[in-house]
>>> print(open('work_34.txt').read())   # compact mmCIF, C-alpha atoms
# COMPACT_ATOMS: atom_id res chain seq x y z
CA MET O 16 80.99 58.38 115.54
CA GLY O 17 82.45 55.00 116.48
CA GLU O 18 85.89 54.00 117.60
CA VAL O 19 88.89 53.79 115.30
CA LYS O 20 91.11 50.72 115.20
CA LEU O 21 94.28 50.44 113.14
CA LEU O 22 95.78 47.09 112.15
CA GLY O 23 99.44 47.19 111.16
CA THR O 24 102.89 45.73 111.43
CA TRP O 25 105.76 47.74 112.79
CA PRO O 26 107.71 49.47 111.16
CA SER O 27 105.79 49.43 107.87
CA PRO O 28 105.94 52.78 106.02
CA TYR O 29 102.42 52.09 104.72
CA LEU O 30 101.20 51.86 108.31
CA TYR O 31 102.95 55.09 109.21
CA ARG O 32 101.22 56.99 106.41
CA VAL O 33 97.95 56.29 108.21
CA ILE O 34 99.36 57.01 111.70
CA TRP O 35 100.58 60.42 110.50
CA ALA O 36 97.21 61.27 108.95
CA LEU O 37 95.36 60.36 112.14
CA LYS O 38 97.84 62.31 114.30
CA LEU O 39 97.75 65.38 112.04
CA LYS O 40 93.96 65.46 112.33
CA GLY O 41 93.95 64.64 116.04
CA ILE O 42 91.96 61.41 115.71
CA PRO O 43 92.39 58.96 118.60
CA TYR O 44 92.76 55.31 117.64
CA GLU O 45 93.61 51.90 119.02
CA TYR O 46 96.62 50.27 117.36
CA ILE O 47 96.63 46.48 117.03
CA GLU O 48 99.94 44.90 115.92
CA GLN O 49 99.51 42.04 113.42
CA ASP O 50 101.60 38.95 112.72
CA LEU O 51 101.70 38.52 108.94
CA TYR O 52 103.04 34.97 109.30
CA ASN O 53 100.06 34.01 111.46
CA LYS O 54 97.21 36.24 110.30
CA SER O 55 94.55 37.03 112.86
CA PRO O 56 90.84 36.34 112.23
CA LEU O 57 90.29 40.10 112.57
CA LEU O 58 92.73 40.86 109.75
CA LEU O 59 91.35 38.13 107.47
CA GLN O 60 87.81 39.30 108.15
CA SER O 61 88.66 42.98 107.63
CA ASN O 62 90.71 42.57 104.47
CA PRO O 63 89.64 39.29 102.87
CA VAL O 64 90.69 40.37 99.36
CA HIS O 65 94.34 41.34 99.99
CA LYS O 66 94.93 40.07 103.57
CA LYS O 67 97.45 42.93 104.05
CA ILE O 68 98.05 45.81 106.41
CA PRO O 69 97.29 48.59 107.11
CA VAL O 70 93.55 48.28 107.71
CA LEU O 71 91.51 51.00 109.38
CA ILE O 72 88.34 49.88 111.13
CA HIS O 73 85.95 52.71 111.94
CA GLY O 74 82.75 51.93 113.83
CA GLY O 75 83.16 48.33 112.69
CA ASN O 76 83.64 49.25 108.99
CA PRO O 77 86.99 48.15 107.56
CA ILE O 78 88.93 50.15 104.96
CA ALA O 79 92.02 48.68 103.30
CA GLU O 80 94.89 50.01 101.13
CA SER O 81 96.87 52.87 102.68
CA VAL O 82 96.09 55.50 100.01
CA ILE O 83 92.38 54.66 100.15
CA ILE O 84 92.52 54.89 103.95
CA LEU O 85 94.14 58.34 103.65
CA GLN O 86 91.33 59.48 101.36
CA TYR O 87 88.73 58.10 103.77
CA ILE O 88 90.33 59.94 106.69
CA GLU O 89 90.32 63.12 104.59
CA ASP O 90 86.63 62.68 103.66
CA LYS O 91 85.52 61.82 107.19
CA TRP O 92 87.56 64.37 109.18
CA PRO O 93 87.96 67.56 107.12
CA GLN O 94 90.04 69.46 109.74
CA ASN O 95 93.70 70.07 108.81
CA PRO O 96 93.07 69.11 105.18
CA LEU O 97 95.58 66.84 103.45
CA LEU O 98 94.34 67.69 99.96
CA PRO O 99 93.68 71.06 98.29
CA SER O 100 90.02 72.08 98.00
CA ASP O 101 90.30 73.18 94.37
CA PRO O 102 89.38 70.20 92.11
CA TYR O 103 92.28 70.80 89.71
CA GLU O 104 94.90 71.13 92.46
CA LYS O 105 93.36 68.05 94.08
CA ALA O 106 93.75 66.09 90.83
CA VAL O 107 97.42 67.12 90.61
CA ALA O 108 97.99 66.00 94.20
CA ARG O 109 96.23 62.69 93.52
CA PHE O 110 98.49 62.14 90.50
CA TRP O 111 101.59 62.48 92.69
CA VAL O 112 100.10 60.34 95.46
CA LYS O 113 99.55 57.57 92.87
CA PHE O 114 103.01 58.06 91.39
CA ALA O 115 104.67 57.95 94.82
CA ASP O 116 102.64 54.92 95.89
CA GLU O 117 103.39 52.91 92.74
CA LYS O 118 107.02 53.87 92.24
CA GLY O 119 107.79 53.56 95.95
CA LEU O 120 107.34 49.82 95.44
CA SER O 121 110.70 49.80 93.63
CA ILE O 122 112.45 50.91 96.82
CA SER O 123 110.65 48.16 98.76
CA LYS O 124 111.82 45.76 96.05
CA VAL O 125 115.47 46.81 96.60
CA PHE O 126 114.95 45.75 100.22
CA ARG O 127 113.30 42.45 99.32
CA SER O 128 115.68 41.24 96.61
CA SER O 129 119.27 40.67 95.56
CA GLY O 130 121.32 40.21 92.38
CA GLU O 131 119.71 41.03 89.04
CA GLU O 132 116.26 41.64 90.50
CA GLN O 133 117.74 44.17 92.93
CA GLU O 134 119.72 45.86 90.13
CA LYS O 135 116.50 46.38 88.19
CA ALA O 136 114.71 47.73 91.28
CA LEU O 137 117.61 50.11 91.95
CA LYS O 138 117.40 51.50 88.41
CA GLU O 139 113.63 52.02 88.79
CA SER O 140 114.13 53.70 92.18
CA LEU O 141 116.67 56.11 90.73
CA GLU O 142 114.29 56.97 87.87
CA MET O 143 111.59 57.72 90.43
CA LEU O 144 113.86 60.06 92.36
CA GLU O 145 114.93 61.85 89.18
CA ILE O 146 111.32 62.40 88.10
CA ILE O 147 110.33 63.75 91.50
CA GLU O 148 113.36 66.06 91.63
CA GLU O 149 112.60 67.41 88.18
CA HIS O 150 108.81 67.46 87.96
CA ALA O 151 107.14 67.43 91.36
CA PRO O 152 105.25 70.72 91.77
CA GLY O 153 106.23 72.97 94.65
CA LEU O 154 109.42 71.06 95.40
CA GLY O 155 112.17 73.55 96.16
CA GLN O 156 109.73 76.47 96.30
CA LYS O 157 107.49 75.42 99.15
CA LYS O 158 108.28 73.70 102.44
CA PHE O 159 106.25 70.58 101.55
CA PHE O 160 104.57 69.12 98.47
CA GLY O 161 101.32 70.17 100.18
CA GLY O 162 102.57 73.78 100.43
CA ASP O 163 103.20 75.26 103.85
CA LYS O 164 101.51 72.35 105.55
CA ILE O 165 102.01 68.62 105.15
CA GLY O 166 99.64 66.98 102.70
CA MET O 167 98.82 63.59 101.27
CA VAL O 168 101.71 63.61 98.78
CA ASP O 169 104.18 64.22 101.62
CA LEU O 170 102.71 61.33 103.63
CA THR O 171 102.89 58.96 100.65
CA LEU O 172 106.55 59.88 100.10
CA GLY O 173 107.46 59.39 103.76
CA LEU O 174 109.16 56.17 102.69
CA LEU O 175 111.91 58.26 101.09
CA ALA O 176 112.41 60.42 104.15
CA HIS O 177 113.02 57.76 106.76
CA TRP O 178 113.00 54.21 105.39
CA MET O 179 115.28 54.66 102.39
CA GLY O 180 118.35 55.27 104.56
CA VAL O 181 117.68 52.16 106.64
CA ILE O 182 117.13 50.08 103.49
CA GLU O 183 120.48 51.34 102.16
CA GLU O 184 122.22 50.32 105.38
CA VAL O 185 120.55 46.89 105.63
CA THR O 186 121.16 45.98 101.98
CA GLY O 187 124.56 47.68 101.68
CA VAL O 188 123.32 49.28 98.47
CA LYS O 189 123.20 53.03 97.76
CA ILE O 190 119.91 54.18 96.25
CA LYS O 191 120.46 57.93 96.44
CA GLU O 192 123.83 59.65 96.22
CA ALA O 193 124.17 62.52 98.68
CA GLY O 194 123.97 65.93 97.05
CA LYS O 195 122.47 64.65 93.81
CA PHE O 196 118.88 65.55 94.67
CA PRO O 197 119.03 68.91 96.47
CA ARG O 198 115.30 69.74 96.31
CA LEU O 199 114.29 66.29 97.52
CA GLU O 200 116.87 66.42 100.30
CA ALA O 201 115.53 69.80 101.45
CA TRP O 202 112.04 68.29 101.55
CA ILE O 203 113.27 65.29 103.55
CA LYS O 204 114.75 67.66 106.14
CA ASN O 205 111.52 69.71 106.38
CA PHE O 206 109.39 66.58 106.60
CA LYS O 207 111.37 64.96 109.39
CA GLU O 208 111.50 68.22 111.38
CA ASP O 209 107.73 68.67 111.40
CA PRO O 210 106.69 68.23 115.05
CA VAL O 211 103.93 65.67 114.39
CA ILE O 212 106.13 63.58 112.06
CA LYS O 213 109.17 63.85 114.35
CA GLU O 214 107.17 62.50 117.25
CA ASN O 215 105.82 59.61 115.16
CA LEU O 216 108.79 58.04 113.46
CA PRO O 217 109.99 54.51 114.26
CA GLU O 218 113.31 54.56 116.13
CA LEU O 219 116.25 53.89 113.83
CA LYS O 220 118.06 51.80 116.42
CA ASP O 221 115.06 49.45 116.60
CA MET O 222 114.35 49.51 112.87
CA LEU O 223 117.81 48.30 111.86
CA PRO O 224 117.78 44.87 113.54
CA ALA O 225 114.06 44.34 112.76
CA MET O 226 114.56 45.08 109.07
CA LYS O 227 117.76 43.00 108.92
CA ARG O 228 115.78 40.01 110.21
CA ARG O 229 112.88 40.76 107.82
CA ARG O 230 115.22 40.85 104.82
CA GLU O 231 116.84 37.56 105.81
CA THR O 232 113.43 35.89 106.11
CA VAL O 233 112.26 37.27 102.76
CA LEU O 234 115.44 36.23 100.89
CA ALA O 235 115.40 32.78 102.50
CA SER O 236 111.83 32.17 101.35
CA LYS O 237 112.72 32.82 97.69
CA MET M 18 83.87 74.73 73.09
CA ALA M 19 81.51 75.40 75.99
CA ASP M 20 83.31 73.37 78.61
CA ASP M 21 86.82 73.91 77.20
CA LEU M 22 87.75 70.24 77.26
CA ILE M 23 90.25 68.31 75.16
CA LEU M 24 90.86 64.59 75.51
CA LEU M 25 94.11 63.05 74.30
CA ASN M 26 93.08 59.51 73.53
CA LEU M 27 93.77 56.19 71.84
CA TRP M 28 90.68 54.42 70.45
CA SER M 29 91.87 51.03 71.71
CA SER M 30 92.81 52.10 75.23
CA PRO M 31 90.51 50.98 78.06
CA PHE M 32 91.80 53.97 80.04
CA GLY M 33 90.68 56.41 77.36
CA MET M 34 87.29 54.66 77.25
CA ARG M 35 86.82 55.26 80.99
CA VAL M 36 87.19 59.01 80.48
CA ARG M 37 84.91 59.07 77.42
CA ILE M 38 82.23 57.21 79.38
CA ALA M 39 82.47 59.68 82.28
CA LEU M 40 82.33 62.69 79.94
CA ALA M 41 79.28 61.20 78.19
CA GLU M 42 77.54 60.44 81.50
CA LYS M 43 77.88 64.11 82.37
CA GLY M 44 76.75 65.27 78.92
CA LEU M 45 79.94 67.20 78.28
CA ASP M 46 81.25 68.45 74.94
CA TYR M 47 84.92 67.96 74.22
CA GLU M 48 87.49 67.83 71.47
CA LEU M 49 88.84 64.33 70.90
CA ILE M 50 92.46 64.08 69.72
CA GLU M 51 93.66 60.65 68.67
CA GLU M 52 97.32 60.07 69.58
CA ASP M 53 99.88 57.90 67.84
CA LEU M 54 101.93 56.35 70.64
CA SER M 55 104.76 55.44 68.26
CA ASN M 56 105.03 59.15 67.42
CA LYS M 57 103.86 61.09 70.48
CA SER M 58 102.64 64.61 69.84
CA PRO M 59 104.39 67.62 71.40
CA LEU M 60 101.07 68.36 73.12
CA LEU M 61 101.01 64.95 74.85
CA LEU M 62 104.64 65.24 75.94
CA LYS M 63 104.00 68.74 77.29
CA MET M 64 100.79 67.80 79.10
CA ASN M 65 102.03 64.52 80.58
CA PRO M 66 105.82 64.79 80.87
CA VAL M 67 106.01 62.23 83.68
CA ARG M 68 104.20 59.27 82.14
CA LYS M 69 103.98 60.41 78.47
CA GLN M 70 100.78 58.38 78.24
CA ILE M 71 97.13 58.81 77.36
CA ALA M 72 94.50 59.46 78.66
CA VAL M 73 95.02 63.17 79.35
CA LEU M 74 92.12 65.55 79.86
CA ILE M 75 92.93 69.20 79.26
CA ASN M 76 90.44 71.58 80.92
CA LYS M 77 90.96 75.30 80.26
CA GLY M 78 94.52 74.53 79.17
CA ARG M 79 95.44 72.56 82.32
CA PRO M 80 96.14 68.81 82.12
CA ILE M 81 94.74 66.08 84.33
CA CYS M 82 96.36 62.64 83.98
CA GLU M 83 95.56 59.04 85.01
CA SER M 84 92.12 57.78 83.97
CA LEU M 85 90.53 57.28 87.40
CA ILE M 86 91.91 60.60 88.65
CA ILE M 87 90.37 62.24 85.58
CA VAL M 88 87.03 60.50 86.26
CA GLN M 89 87.07 61.78 89.87
CA TYR M 90 87.93 65.29 88.65
CA ILE M 91 85.04 65.24 86.17
CA ASP M 92 82.73 63.96 88.90
CA GLU M 93 83.76 66.73 91.31
CA VAL M 94 83.58 69.63 88.87
CA TRP M 95 80.27 68.52 87.27
CA ARG M 96 78.79 67.08 90.44
CA HIS M 97 75.17 67.97 89.71
CA LYS M 98 74.65 65.40 86.95
CA SER M 99 74.96 61.59 87.22
CA PRO M 100 77.29 61.41 90.23
CA LEU M 101 79.83 58.61 89.81
CA LEU M 102 80.97 58.46 93.42
CA PRO M 103 78.68 58.30 96.47
CA SER M 104 78.82 61.12 99.01
CA ASP M 105 79.13 58.94 102.11
CA PRO M 106 82.86 58.56 103.04
CA CYS M 107 82.58 54.83 103.79
CA ALA M 108 80.79 54.11 100.50
CA ARG M 109 83.37 56.25 98.68
CA ALA M 110 86.22 54.26 100.23
CA LYS M 111 84.55 51.03 99.13
CA ALA M 112 84.11 52.33 95.57
CA ARG M 113 87.76 53.44 95.44
CA PHE M 114 88.89 50.07 96.78
CA TRP M 115 87.13 48.16 94.01
CA ALA M 116 88.19 50.60 91.28
CA ASP M 117 91.74 50.10 92.58
CA TYR M 118 91.25 46.30 92.53
CA VAL M 119 90.26 46.52 88.85
CA ASP M 120 93.25 48.77 88.16
CA LYS M 121 95.73 46.45 89.85
CA ASN M 122 94.56 43.28 88.12
CA ILE M 123 92.48 43.32 84.97
CA TYR M 124 94.79 45.10 82.50
CA ALA M 125 97.93 43.15 83.37
CA ILE M 126 96.23 39.76 83.55
CA GLY M 127 93.96 40.36 80.55
CA LYS M 128 96.95 41.32 78.44
CA LEU M 129 98.49 37.89 79.08
CA VAL M 130 95.22 36.13 78.28
CA TRP M 131 95.08 37.56 74.73
CA GLY M 132 98.81 38.22 74.35
CA ALA M 133 100.66 35.20 75.75
CA THR M 134 100.75 31.52 74.90
CA GLY M 135 101.35 28.20 76.65
CA GLU M 136 101.74 28.01 80.40
CA ILE M 137 101.78 31.78 80.93
CA GLN M 138 98.47 32.13 79.11
CA GLU M 139 96.91 29.23 81.03
CA ALA M 140 97.94 30.73 84.37
CA ALA M 141 96.58 34.12 83.31
CA LYS M 142 93.22 32.62 82.27
CA LYS M 143 92.88 31.00 85.67
CA GLU M 144 93.80 34.25 87.47
CA LEU M 145 91.40 36.29 85.33
CA ILE M 146 88.45 34.04 86.15
CA GLU M 147 89.38 34.19 89.84
CA CYS M 148 89.38 38.01 89.72
CA PHE M 149 86.08 38.06 87.83
CA LYS M 150 84.54 35.75 90.44
CA VAL M 151 85.73 38.07 93.23
CA LEU M 152 84.14 40.96 91.36
CA GLU M 153 80.92 38.96 90.89
CA GLY M 154 80.89 38.43 94.66
CA GLU M 155 81.14 42.17 95.20
CA LEU M 156 78.47 42.90 92.59
CA GLY M 157 76.02 40.46 94.21
CA ASP M 158 72.46 41.12 93.09
CA LYS M 159 72.98 44.82 92.46
CA PRO M 160 72.39 46.10 88.91
CA TYR M 161 75.70 47.98 89.01
CA PHE M 162 78.75 48.02 91.27
CA GLY M 163 77.53 51.48 92.25
CA GLY M 164 74.22 49.95 93.43
CA ASP M 165 71.17 51.29 91.60
CA SER M 166 73.29 53.88 89.86
CA PHE M 167 76.18 53.46 87.47
CA GLY M 168 79.38 54.42 89.30
CA ILE M 169 83.14 54.65 89.17
CA VAL M 170 83.73 50.90 89.58
CA ASP M 171 81.45 50.23 86.60
CA VAL M 172 83.36 52.91 84.64
CA ALA M 173 86.69 51.36 85.64
CA LEU M 174 85.76 47.82 84.61
CA ILE M 175 83.41 48.03 81.61
CA PRO M 176 86.07 49.05 79.02
CA PHE M 177 87.66 45.62 79.44
CA TYR M 178 84.47 44.11 78.04
CA SER M 179 85.81 45.21 74.66
CA TRP M 180 88.59 42.64 75.19
CA PHE M 181 86.24 39.71 75.87
CA TYR M 182 86.02 38.38 72.32
CA ALA M 183 89.81 38.62 71.92
CA MET M 184 90.47 36.93 75.26
CA GLU M 185 87.97 34.13 74.60
CA THR M 186 89.24 33.49 71.08
CA CYS M 187 92.95 33.65 71.90
CA GLY M 188 92.48 31.77 75.15
CA ASN M 189 89.95 29.27 73.81
CA PHE M 190 87.54 29.57 76.71
CA SER M 191 84.15 31.06 77.52
CA ILE M 192 83.87 33.91 80.01
CA VAL M 193 80.06 33.74 80.10
CA ALA M 194 80.20 30.04 81.06
CA GLU M 195 82.45 30.84 84.04
CA CYS M 196 81.06 34.25 85.02
CA PRO M 197 77.48 34.66 83.77
CA LYS M 198 76.64 37.38 86.30
CA LEU M 199 79.53 39.54 85.15
CA VAL M 200 78.54 39.19 81.50
CA SER M 201 74.92 40.16 82.40
CA TRP M 202 76.30 43.21 84.17
CA ALA M 203 78.42 44.08 81.14
CA LYS M 204 75.44 43.82 78.78
CA ARG M 205 73.41 46.02 81.14
CA CYS M 206 76.19 48.64 81.00
CA MET M 207 76.30 48.40 77.20
CA GLU M 208 72.62 49.50 77.14
CA ARG M 209 73.81 52.89 78.33
CA GLU M 210 74.63 55.18 75.43
CA SER M 211 77.68 56.55 77.25
CA VAL M 212 79.16 53.04 77.23
CA SER M 213 78.05 51.75 73.82
CA LYS M 214 79.40 54.88 72.12
CA SER M 215 82.75 54.71 73.95
CA LEU M 216 83.61 51.05 73.47
CA PRO M 217 84.89 49.86 70.09
CA ASP M 218 83.43 46.82 68.37
CA GLN M 219 84.81 43.64 69.95
CA TYR M 220 85.84 42.15 66.62
CA LYS M 221 87.71 45.32 65.62
CA MET M 222 89.49 45.15 68.97
CA TYR M 223 90.30 41.48 68.43
CA CYS M 224 91.94 42.21 65.05
CA PHE M 225 93.95 45.07 66.56
CA LEU M 226 95.12 43.00 69.55
CA LEU M 227 96.04 40.12 67.25
CA GLU M 228 98.27 42.50 65.29
CA LEU M 229 99.92 43.64 68.52
CA LYS M 230 100.40 40.05 69.62
CA THR M 231 102.10 39.15 66.35
CA LYS M 232 104.33 42.22 66.61
CA PHE M 233 105.44 41.30 70.17
CA GLN M 234 106.10 37.70 69.24
CA ALA M 235 108.20 38.79 66.27
CA GLN M 236 110.48 40.84 68.57
>>> encode(input="work_34.txt", output="structure tokens")
Amino acid sequence: MGEVKLLGTWPSPYLYRVIWALKLKGIPYEYIEQDLYNKSPLLLQSNPVHKKIPVLIHGGNPIAESVIILQYIEDKWPQNPLLPSDPYEKAVARFWVKFADEKGLSISKVFRSSGEEQEKALKESLEMLEIIEEHAPGLGQKKFFGGDKIGMVDLTLGLLAHWMGVIEEVTGVKIKEAGKFPRLEAWIKNFKEDPVIKENLPELKDMLPAMKRRRETVLASK
Amino acid sequence: MADDLILLNLWSSPFGMRVRIALAEKGLDYELIEEDLSNKSPLLLKMNPVRKQIAVLINKGRPICESLIIVQYIDEVWRHKSPLLPSDPCARAKARFWADYVDKNIYAIGKLVWGATGEIQEAAKKELIECFKVLEGELGDKPYFGGDSFGIVDVALIPFYSWFYAMETCGNFSIVAECPKLVSWAKRCMERESVSKSLPDQYKMYCFLLELKTKFQAQ
């Protein structure tokens, strides 16, 4: 079938979406850490259009964009499915994957900005959380968005479960008030307690200094 | 209706056009409901409470939202006719990548080409041509982005052809001069009935976009 290589930068939540998918399906892979300030020939060759991580290379074929990689993994390795088999339920899941992927960018923007730009990103992030709390199907009734098992929507929202808290600490800005989103908070707890996820989360004590440095670099370059 | 399909649409929306093309490719009957986005119908708000946007396909009373998600749904349920996505996982990933590329770039940049002025418009024109050249590179010598068959990337991109006259006129430049291969591809797509019947006349679109532009500038 060909070997699987994964290009990423630690501790990117987009990278982790792919790691979780591979782990949940039991797919072995070789991880290759990238330096985004000094991009490797392999990265540039594998993702010439966006030059970003993560990139999955399977049997020499590169696939870029985390959500597209997740769909590839799902198509290629059907065990432990991440999407429902029913076309309608699948379409609903895809809608929330897209929503989470697009709106999650606001939370990344809170991390990468300050002042007015950050205020705007904060407002957008809050709107995202409110919509999920109110409209996301299954939330509050089932253990995960995917039902009893973790699915693609859960993986795409992983950013909220683990990275949001670190972003709040590094920026000194509160995105989510405790107690205001009970269904989402219950999901976060379930997600982080899942054995595969628990074993594959970046260590908070290492994330904090790394993300502090990253934020300083990003703000300085503006 | 045989297939129990309703499409909430806007005649000028490239996203609505994508769905109409896909439905036509599959030979499906459906009820077309034209929405007024300044006065959204209760049906639209009920069927798409999150985004409150068209296009929405309602199949047997259940809504599917987001144009490319709708196209994939149509392709999966009515798989037997004119498949829009390949079956090989690697080829599917490639198709999704390029459909996503179109989604991330063409609407936002195109809007500035017909809608903005001055430096912003000039920058947008440059970016648009760059994107079109990247797409030409991906197209290569193939008749369609899908290869020999019309596929999801073609569906994703071709609606923006209805903006070409508006973009060229407002931006005072020629797309065919810069990207002849892309224009040939577009004309090839327009020979398909599914496309020619789903895209509005370019001049009608130009007049509509000009009205929008004037409205925005007045605000």
>>> closest_residue(input="work_34.txt", among="M:Ser29, M:Ile146, M:Val88, M:Asp53", to="M:Cys224", atoms="only C-alpha atoms")
M:Ser29
>>> residues_around(input="work_34.txt", residues="M:Phe32", least_positions_apart="3", cutoff="7 Å", atoms="all atoms listed in the file", output="PyMOL selection string")
chain M and resi 35-36+72+84
>>> residues_around(input="work_34.txt", residues="O:Ile212", least_positions_apart="6", cutoff="9 Å", atoms="only C-alpha atoms", output="short mmCIF file (atom, residue, chain, number, x, y, z; two decimals) with C-alpha atoms, keeping the file's coordinate frame")
data_model
loop_
_atom_site.label_atom_id
_atom_site.label_comp_id
_atom_site.auth_asym_id
_atom_site.auth_seq_id
_atom_site.Cartn_x
_atom_site.Cartn_y
_atom_site.Cartn_z
CA TRP O 35 100.58 60.42 110.50
CA LYS O 38 97.84 62.31 114.30
CA LEU O 39 97.75 65.38 112.04
CA PHE O 206 109.39 66.58 106.60
#
>>> closest_residue(input="work_34.txt", among="M:Ile50, M:Ile71, M:Ala112, M:Leu216", to="chain O", atoms="only C-alpha atoms")
M:Ala112
>>> atom_distance(input="work_34.txt", atom1="atom CA of M:Glu144", atom2="atom CA of M:Ser191")
14.2 Å
>>> residues_around(input="work_34.txt", residues="O:Ala108", least_positions_apart="4", cutoff="10 Å", atoms="all atoms listed in the file", output="list in words")
Leu97, Leu98, Pro99, Pro102, Tyr103, Glu104, Val112, Lys113, Phe114, Ala151, Pro152, Phe160, Gly161, Gly166, Met167, Val168 and Asp169 of chain O; Ile86 of chain M
